[in-house]
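Asks: Provided below: data-v1.cif, containing mmCIF, C-alpha atoms.
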data_my_file
loop_
_atom_site.label_atom_id
_atom_site.label_comp_id
_atom_site.auth_asym_id
_atom_site.auth_seq_id
_atom_site.Cartn_x
_atom_site.Cartn_y
_atom_site.Cartn_z
CA MET A 1 -23.75 3.26 14.09
CA GLY A 2 -23.93 1.43 17.42
CA SER A 3 -27.45 0.86 18.70
CA THR A 4 -26.61 2.14 22.22
CA PHE A 5 -25.44 5.43 20.79
CA SER A 6 -28.53 5.68 18.60
CA VAL A 7 -30.71 5.21 21.69
CA ILE A 8 -28.77 7.98 23.49
CA LEU A 9 -29.32 10.28 20.52
CA VAL A 10 -33.07 9.62 20.48
CA ILE A 11 -33.26 10.16 24.26
CA SER A 12 -31.28 13.42 23.92
CA ALA A 13 -33.57 14.68 21.20
CA CYS A 14 -36.66 13.76 23.26
CA ILE A 15 -35.25 15.46 26.39
CA GLY A 16 -34.48 18.57 24.36
CA LEU A 17 -37.96 18.73 22.85
CA LEU A 18 -39.53 18.00 26.25
CA MET A 19 -37.60 20.88 27.84
CA ILE A 20 -38.57 23.30 25.10
CA VAL A 21 -42.24 22.26 25.01
CA GLY A 22 -42.31 21.98 28.82
CA GLY A 23 -40.83 25.46 29.16
CA MET A 24 -43.50 26.84 26.85
CA PHE A 25 -46.19 25.01 28.83
CA LEU A 26 -44.90 26.35 32.19
CA MET A 27 -44.75 29.82 30.70
CA TYR A 28 -48.32 29.45 29.48
CA LYS A 29 -49.38 28.37 32.97
CA GLY A 30 -47.53 31.33 34.47
CA VAL A 31 -45.17 29.23 36.57
CA ILE A 32 -42.20 30.84 34.85
CA THR A 33 -42.07 34.16 33.07
CA LEU A 34 -39.82 35.93 30.63
CA GLN A 35 -39.91 39.05 32.76
CA ALA A 36 -36.49 40.32 33.69
CA THR A 37 -35.52 39.73 37.32
CA PRO A 38 -33.52 42.29 39.32
CA LYS A 39 -29.77 42.25 38.67
CA THR A 40 -29.12 40.85 42.15
CA GLU A 41 -31.25 37.79 41.31
CA ALA A 42 -29.74 37.22 37.89
CA LEU A 43 -28.81 33.61 37.08
CA THR A 44 -25.11 33.09 36.45
CA VAL A 45 -23.61 29.94 34.96
CA ARG A 46 -19.84 29.54 35.18
CA TRP A 47 -17.64 26.90 33.63
CA ARG A 48 -13.92 26.92 34.60
CA LYS A 49 -13.73 30.73 34.61
CA GLN A 50 -13.60 30.76 30.80
CA PHE A 51 -17.34 30.58 30.25
CA VAL A 52 -19.63 32.88 32.22
CA LEU A 53 -23.26 33.37 31.27
CA THR A 54 -25.42 35.79 33.20
CA THR A 55 -29.09 36.24 32.44
CA GLN A 56 -31.86 38.16 34.06
CA VAL A 57 -34.35 35.89 32.30
CA PRO A 58 -33.70 32.43 33.85
CA ALA A 59 -36.63 30.89 32.00
CA LEU A 60 -34.57 31.14 28.83
CA GLY A 61 -32.31 28.49 30.36
CA PHE A 62 -35.00 25.89 29.68
CA PHE A 63 -34.92 26.72 26.01
CA LEU A 64 -31.14 26.92 25.78
CA ILE A 65 -30.50 23.63 27.57
CA GLY A 66 -33.26 21.97 25.55
CA LEU A 67 -31.84 23.39 22.36
CA ALA A 68 -28.39 22.10 23.30
CA PHE A 69 -29.79 18.56 23.61
CA VAL A 70 -31.52 18.83 20.23
CA VAL A 71 -28.41 20.23 18.52
CA PHE A 72 -26.26 17.49 20.09
CA ALA A 73 -28.61 14.81 18.76
CA MET A 74 -28.80 16.37 15.30
CA TRP A 75 -25.02 16.81 15.05
CA PHE A 76 -24.19 13.23 15.92
CA ALA A 77 -27.10 11.73 14.03
CA LYS A 78 -25.94 13.08 10.67
CA PRO A 79 -25.47 10.33 8.09
CA VAL A 80 -22.20 8.45 8.33
CA PRO A 81 -20.77 6.17 5.65
CA ASP A 82 -21.31 2.90 7.50
CA SER A 83 -23.24 1.17 4.74
CA PRO A 84 -21.64 -0.84 1.98
CA LEU A 85 -20.56 1.18 -1.01
CA ARG A 86 -21.20 -0.27 -4.46
CA ILE A 87 -18.57 0.50 -7.06
CA SER A 88 -19.09 -0.10 -10.75
CA GLY A 89 -17.57 0.82 -14.07
CA ASN A 90 -16.61 -0.61 -17.42
CA VAL A 91 -13.08 -1.00 -18.75
CA SER A 92 -13.15 -2.19 -22.33
CA GLY A 93 -10.46 -3.35 -24.68
CA VAL A 94 -7.96 -4.32 -22.00
CA GLN A 95 -6.46 -7.79 -22.26
CA SER A 96 -4.64 -7.73 -18.92
CA PRO A 97 -6.42 -8.41 -15.62
CA ILE A 98 -7.85 -5.21 -14.13
CA LYS A 99 -7.32 -4.21 -10.52
CA VAL A 100 -9.47 -1.57 -8.84
CA SER A 101 -8.45 -0.22 -5.46
CA VAL A 102 -10.22 2.24 -3.22
CA ARG A 103 -8.51 4.45 -0.66
CA SER A 104 -9.41 7.45 1.39
CA GLU A 105 -7.71 10.78 0.92
CA PRO A 106 -5.61 11.73 2.81
CA GLY A 107 -4.24 8.22 3.20
CA VAL A 108 -2.59 8.85 6.55
CA ILE A 109 -4.99 10.26 9.14
CA GLU A 110 -2.56 10.87 11.98
CA ARG A 111 1.24 10.80 12.02
CA ASP A 112 1.85 12.09 15.49
CA ILE A 113 0.16 9.85 18.03
CA THR A 114 1.39 10.77 21.51
CA ASP A 115 4.37 8.57 22.19
CA ASN A 116 5.08 7.40 25.73
CA ASN A 117 7.41 4.59 24.82
CA PRO A 118 6.55 1.70 24.98
CA SER A 119 2.85 2.54 25.20
CA PHE A 120 1.02 5.14 23.17
CA THR A 121 -2.36 6.79 23.19
CA GLY A 122 -4.16 8.93 20.71
CA THR A 123 -7.51 9.83 19.23
CA VAL A 124 -8.19 9.88 15.53
CA TYR A 125 -11.23 10.77 13.50
CA PRO A 126 -11.55 8.39 10.54
CA ASN A 127 -11.89 10.46 7.44
CA LEU A 128 -13.88 9.02 4.54
CA HIS A 129 -14.90 12.33 3.03
CA THR A 130 -12.93 11.76 -0.15
CA LEU A 131 -12.44 8.36 -1.78
CA VAL A 132 -9.92 7.77 -4.54
CA LEU A 133 -10.37 4.94 -7.02
CA ASP A 134 -7.36 3.57 -8.85
CA VAL A 135 -7.94 1.38 -11.89
CA THR A 136 -4.80 -0.41 -13.02
CA ALA A 137 -3.86 -3.17 -15.42
CA PRO A 138 -0.38 -4.49 -16.20
CA GLY A 139 1.13 -2.61 -19.13
CA TYR A 140 -1.58 0.07 -19.14
CA GLY A 141 -1.47 3.62 -17.79
CA PRO A 142 -3.44 3.84 -14.53
CA HIS A 143 -6.72 5.70 -14.19
CA GLN A 144 -7.38 7.65 -11.00
CA GLU A 145 -10.53 9.47 -9.95
CA SER A 146 -11.59 10.99 -6.64
CA PHE A 147 -15.09 11.30 -5.27
CA ASN A 148 -16.27 13.58 -2.49
CA GLU A 149 -18.84 12.16 -0.10
CA ASP A 150 -21.61 14.33 -1.49
CA LYS A 151 -21.33 12.24 -4.67
CA TRP A 152 -21.68 8.83 -3.03
CA LEU A 153 -23.08 9.18 0.49
CA SER A 154 -26.73 9.54 -0.52
CA ASN A 155 -27.04 6.48 -2.76
CA HIS A 156 -24.02 4.50 -1.49
CA SER A 157 -22.69 3.88 -4.95
CA ILE A 158 -20.00 5.12 -7.28
CA ASP A 159 -20.29 4.54 -11.00
CA LEU A 160 -17.05 5.20 -12.85
CA GLY A 161 -18.78 4.74 -16.19
CA ALA A 162 -16.56 3.93 -19.16
CA VAL A 163 -12.88 3.83 -18.23
CA ASN A 164 -10.23 4.03 -20.92
CA LEU A 165 -6.75 2.77 -20.14
CA THR A 166 -3.89 3.51 -22.49
CA LYS A 167 -1.68 0.60 -23.45
CA LEU A 168 1.99 1.38 -22.85
CA VAL A 169 3.83 -1.96 -22.80
CA SER A 170 3.01 -5.40 -24.19
CA GLU A 171 3.44 -8.56 -22.16
CA SER A 172 6.52 -10.59 -22.95
CA GLN A 173 7.99 -13.86 -21.82
CA PRO A 174 10.29 -13.70 -18.76
CA ASN A 175 14.03 -13.95 -19.20
CA PRO A 176 15.46 -17.35 -18.35
CA GLY A 177 16.88 -16.97 -14.86
CA ASP A 178 14.52 -14.16 -13.87
CA ILE A 179 12.51 -16.54 -11.73
CA GLU A 180 14.71 -17.85 -8.98
CA PRO A 181 13.73 -21.17 -7.40
CA ILE A 182 12.31 -20.89 -3.90
CA PRO A 183 12.87 -23.48 -1.14
CA PHE A 184 9.29 -23.27 0.18
CA GLN A 185 5.77 -23.03 -1.15
CA PRO A 186 4.86 -19.32 -1.16
CA PRO A 187 1.27 -18.28 -0.47
CA PRO A 188 -0.77 -17.80 -3.64
CA GLN A 189 -0.49 -14.39 -5.28
CA SER A 190 -4.17 -13.76 -4.63
CA SER A 191 -3.75 -14.17 -0.87
CA GLU A 192 -4.21 -11.15 1.37
CA GLY A 193 -0.87 -9.73 2.52
CA THR A 194 -0.31 -10.01 6.24
CA TYR A 195 2.48 -7.47 6.78
CA GLY A 196 4.01 -4.35 5.28
CA VAL A 197 2.34 -1.17 4.12
CA THR A 198 1.73 0.13 0.63
CA PRO A 199 1.31 3.89 0.29
CA MET B 1 0.99 40.12 28.37
CA LYS B 2 2.74 37.33 30.26
CA ASN B 3 0.09 34.90 29.09
CA ARG B 4 0.58 35.98 25.49
CA ILE B 5 4.31 35.34 25.73
CA LYS B 6 3.63 31.95 27.34
CA HIS B 7 1.25 31.00 24.53
CA LEU B 8 3.73 32.16 21.92
CA ALA B 9 6.50 30.17 23.56
CA LEU B 10 4.30 27.06 23.34
CA ALA B 11 3.10 27.74 19.82
CA ILE B 12 6.52 28.18 18.20
CA PRO B 13 7.89 24.69 19.07
CA MET B 14 4.53 23.13 18.15
CA PHE B 15 4.60 24.86 14.76
CA ALA B 16 8.21 23.76 14.25
CA ALA B 17 7.27 20.19 15.15
CA VAL B 18 4.48 20.21 12.54
CA LEU B 19 6.84 21.59 9.90
CA THR B 20 9.52 19.01 10.60
CA ALA B 21 7.18 16.01 11.03
CA GLN B 22 8.39 12.92 9.21
CA PRO B 23 6.20 10.20 7.70
CA GLY B 24 5.24 7.59 10.29
CA TYR B 25 6.80 4.55 8.62
CA ALA B 26 10.20 4.88 10.25
CA GLN B 27 9.94 1.35 11.65
CA GLY B 28 10.77 -1.67 9.53
CA ILE B 29 12.37 -1.96 6.14
CA SER B 30 11.28 -0.04 3.09
CA ILE B 31 11.93 -1.44 -0.36
CA GLU B 32 11.59 0.65 -3.48
CA GLY B 33 12.38 0.04 -7.09
CA THR B 34 11.53 0.59 -10.73
CA ILE B 35 10.51 -1.95 -13.33
CA ILE B 36 11.05 -1.39 -17.03
CA ALA B 37 10.62 -3.45 -20.18
CA SER B 38 13.96 -4.78 -21.36
CA LYS B 39 12.78 -4.49 -24.97
CA ASN B 40 12.48 -0.67 -25.11
CA GLY B 41 13.20 0.58 -21.58
CA SER B 42 9.61 1.75 -21.03
CA PRO B 43 8.40 1.74 -17.43
CA ILE B 44 5.75 -0.90 -16.78
CA PRO B 45 2.73 0.27 -14.78
CA GLY B 46 0.17 -1.99 -13.09
CA LEU B 47 2.50 -4.79 -12.02
CA SER B 48 1.92 -6.45 -8.65
CA VAL B 49 5.02 -6.44 -6.45
CA SER B 50 5.33 -8.16 -3.08
CA VAL B 51 7.83 -10.05 -0.98
CA VAL B 52 7.40 -13.59 0.31
CA HIS B 53 8.96 -15.15 3.37
CA ARG B 54 9.01 -18.74 4.59
CA VAL B 55 7.54 -17.82 8.00
CA ARG B 56 5.70 -14.55 7.38
CA GLY B 57 4.11 -15.48 4.08
CA ARG B 58 3.23 -12.80 1.57
CA SER B 59 3.42 -9.05 2.18
CA LYS B 60 0.86 -6.50 1.07
CA VAL B 61 1.00 -5.98 -2.68
CA ALA B 62 2.30 -2.76 -4.23
CA ILE B 63 1.24 -1.77 -7.73
CA THR B 64 3.75 -0.07 -10.00
CA ASN B 65 2.75 3.47 -11.00
CA SER B 66 2.94 5.02 -14.45
CA ALA B 67 6.72 5.47 -13.97
CA GLY B 68 7.07 1.77 -13.13
CA GLN B 69 7.94 2.59 -9.51
CA PHE B 70 6.83 0.67 -6.44
CA VAL B 71 7.30 1.07 -2.69
CA LEU B 72 6.84 -1.48 0.09
CA LEU B 73 7.00 -0.05 3.61
CA GLY B 74 7.12 -1.48 7.11
CA ILE B 75 8.61 -4.85 6.16
CA PRO B 76 9.83 -6.61 9.33
CA ASN B 77 13.38 -7.90 9.68
CA SER B 78 13.84 -11.10 7.73
CA GLY B 79 15.51 -13.12 10.50
CA PRO B 80 17.40 -16.24 9.42
CA ASP B 81 15.23 -16.77 6.32
CA PRO B 82 15.53 -14.40 3.36
CA TYR B 83 12.77 -12.50 1.57
CA TYR B 84 12.05 -13.08 -2.09
CA LEU B 85 10.78 -10.25 -4.28
CA GLU B 86 8.04 -11.37 -6.66
CA VAL B 87 6.63 -9.46 -9.62
CA TYR B 88 3.39 -10.55 -11.25
CA TRP B 89 1.88 -9.50 -14.57
CA GLY B 90 -1.72 -10.06 -13.58
CA LYS B 91 -1.66 -13.66 -12.35
CA THR B 92 1.55 -14.63 -14.13
CA LEU B 93 4.82 -14.66 -12.21
CA LYS B 94 7.46 -12.76 -14.20
CA TYR B 95 10.26 -12.22 -11.74
CA ARG B 96 11.51 -13.61 -8.44
CA LYS B 97 14.81 -12.80 -6.75
CA LYS B 98 16.21 -13.34 -3.28
CA LEU B 99 16.75 -10.16 -1.24
CA GLU B 100 19.78 -10.36 0.99
CA GLY B 101 20.66 -8.41 4.10
CA LEU B 102 17.23 -7.32 5.30
CA ASN B 103 17.98 -7.67 8.99
CA ALA B 104 17.82 -4.09 10.19
CA PRO B 105 15.43 -1.20 9.66
CA THR B 106 16.69 0.35 6.48
CA ARG B 107 15.64 1.85 3.17
CA ILE B 108 16.58 -0.18 0.16
CA LYS B 109 16.53 1.11 -3.37
CA LEU B 110 16.79 -1.85 -5.71
CA PRO B 111 18.56 -1.63 -9.04
CA THR B 112 16.15 -1.15 -11.95
CA ILE B 113 14.48 -4.44 -12.81
CA GLN B 114 14.28 -5.24 -16.50
CA LEU B 115 11.43 -7.55 -17.42
CA GLY B 116 11.03 -9.76 -20.46
CA ARG B 117 13.22 -10.65 -23.36
#
What is this structure when it is put down as structure tokens?

Replies:
Amino acid sequence: MGSTFSVILVISACIGLLMIVGGMFLMYKGVITLQATPKTEALTVRWRKQFVLTTQVPALGFFLIGLAFVVFAMWFAKPVPDSPLRISGNVSGVQSPIKVSVRSEPGVIERDITDNNPSFTGTVYPNLHTLVLDVTAPGYGPHQESFNEDKWLSNHSIDLGAVNLTKLVSESQPNPGDIEPIPFQPPPQSSEGTYGVTP
Amino acid sequence: MKNRIKHLALAIPMFAAVLTAQPGYAQGISIEGTIIASKNGSPIPGLSVSVVHRVRGRSKVAITNSAGQFVLLGIPNSGPDPYYLEVYWGKTLKYRKKLEGLNAPTRIKLPTIQLGR
């Protein structure tokens, strides 16, 4: 989480606590009271006609506003998965190279970003609540397992344990002519792809 | 009452739009195919499939599923140079063929690829 935002959260929490404790202190000193005021002096808070709050005990406002700051800080300070996640497991008895991929579920977060061709704007909320691990090896049936964040968020690790892949097809030599010559040197197979999408 | 009708009039097209929403990969070329073993016709899972291009380099890699199927989405137009489809068994190249006619956003379903002797 960004440090500026963390500072804002701490300040919000402090302001909230200060308002609550300060309100209690002022009440103790008798500066404000919880006695109901006459209806004509009732405090009314309006927000765009939709939200109207009227109270005959204005001192409660201190507590409510303070509480709002504290709740705001607590809500946004909840743990987020911004730390590295360690993934482990053991696939035995597989001769082919193993590939493990991790994706979030659902894969596509937003399909309908507001389109004002040629520009576009939109707001998305990255969703890492569920992670799906795919373990694959050529010629073997894939293994897929999903993990909710309550299983990995606390200790930042996922242990798949023993993974069994079922062999379906054996490797064989390519047919002559299956590998067409290429007039340039392609990037190595291990290189990170730079375009395209895989679902 | 008027407000209710107004809200309903807004909600119905929005609901219809959600129901008819299409996946967001309309742009670019999509390539899909199936890979089987020529020996017994079994689908081969776990193969790495990608396309390579002289200028663009290598695409993201798709892995064949348990039915031997793969999908590559959002591939840009090839331009004057063609794409080549490559299939790897782990780190071993097993198949490479030139893909012709990838110059417009389209969806291509390749004929089933048979691997091995």

Asks: Define the interface residues of chain A facing chain B as those within 6 Å, counting only C-alpha atoms, and report them as a PyMOL selection string.

Replies: chain A and resi 97+111+136-139+141+172-175+178-180+193-198

Asks: Just to confirm, what's the straight-line distance from atom CA of Gln56 of chain A to atom CA of Leu43 of chain A in Å (one decimal)?

Replies: 6.3 Å

Asks: Calculate how many Å separate atom CA of Leu17 of chain A from atom CA of Ser154 of chain A, rounding to one decimal.

Replies: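 Computing the Euclidean distance for atom CA of Leu17 of chain A and atom CA of Ser154 of chain A yields 27.5 Å.
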
Asks: In Å to one decimal, how far is atom CA of Met19 of chain A from atom CA of Ala73 of chain A?

Replies: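 For atom CA of Ala73 of chain A relative to atom CA of Met19 of chain A, the distance reads 14.1 Å.
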
Asks: Check the smallest atom-to-atom distance from each of A:Glu105, A:Glu149, A:Asp159, A:Asp134 to Ile87 of chain A using all atoms listed in the file, then report the winner.

Replies: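 The answer is A:Asp159, which sits nearest to Ile87 of chain A.
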
Asks: Go through A:Ala59, A:Leu165, A:Cys14, A:Val135 and flag the residue nearest Ile98 of chain A, using all atoms listed in the file for the distances.

Replies: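 Looking at the shortest contact to Ile98 of chain A, the residue is A:Val135.
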
Asks: Taking the file as shown, find all residues satisfying the PyMOL selection byres ((chain A and resi 127) around 9) and write them as a short mmCIF file (atom, residue, chain, number, x, y, z; two decimals) with C-alpha atoms, keeping the file's coordinate frame.

Replies:
data_model
loop_
_atom_site.label_atom_id
_atom_site.label_comp_id
_atom_site.auth_asym_id
_atom_site.auth_seq_id
_atom_site.Cartn_x
_atom_site.Cartn_y
_atom_site.Cartn_z
CA SER A 104 -9.41 7.45 1.39
CA GLU A 105 -7.71 10.78 0.92
CA PRO A 106 -5.61 11.73 2.81
CA ILE A 109 -4.99 10.26 9.14
CA VAL A 124 -8.19 9.88 15.53
CA TYR A 125 -11.23 10.77 13.50
CA PRO A 126 -11.55 8.39 10.54
CA LEU A 128 -13.88 9.02 4.54
CA HIS A 129 -14.90 12.33 3.03
CA THR A 130 -12.93 11.76 -0.15
#

Asks: Go through the shown structure with the PyMOL selection byres ((chain A and resi 92) around 9) and write out the matching residues as a ChimeraX atom specification.

Replies: /A:90-91,93-95,162-165

Asks: Quick one: residues within 6 Å of Phe69 of chain A, only C-alpha atoms, excluding same-chain residues fewer than 4 positions away - as a PyMOL selection string?

Replies: chain A and resi 12-13+16

Asks: Ala42 of chain A: which residues within 9 Å, counting all atoms listed in the file, same-chain residues fewer than 2 positions away excluded, as a CSV table (one decimal) with C-alpha atoms, keeping the file's coordinate frame?

Replies:
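So out.csv came out as:
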chain,number,residue,atom,x,y,z
A,36,ALA,CA,-36.5,40.3,33.7
A,37,THR,CA,-35.5,39.7,37.3
A,38,PRO,CA,-33.5,42.3,39.3
A,39,LYS,CA,-29.8,42.2,38.7
A,40,THR,CA,-29.1,40.8,42.2
A,44,THR,CA,-25.1,33.1,36.4
A,54,THR,CA,-25.4,35.8,33.2
A,55,THR,CA,-29.1,36.2,32.4
A,56,GLN,CA,-31.9,38.2,34.1
A,57,VAL,CA,-34.4,35.9,32.3
A,58,PRO,CA,-33.7,32.4,33.8

Asks: Near Asn155 of chain A, within 10 Å and counting all atoms listed in the file, which residues show up once chain neighbours fewer than 6 positions away are dropped, as a ChimeraX atom specification?

Replies: /A:83,85-86

Asks: Can you turn the PyMOL selection byres ((chain B and resi 100-103) around 6) into a concrete residue list for this file, as a ChimeraX atom specification?

Replies: /B:77-78,99,104
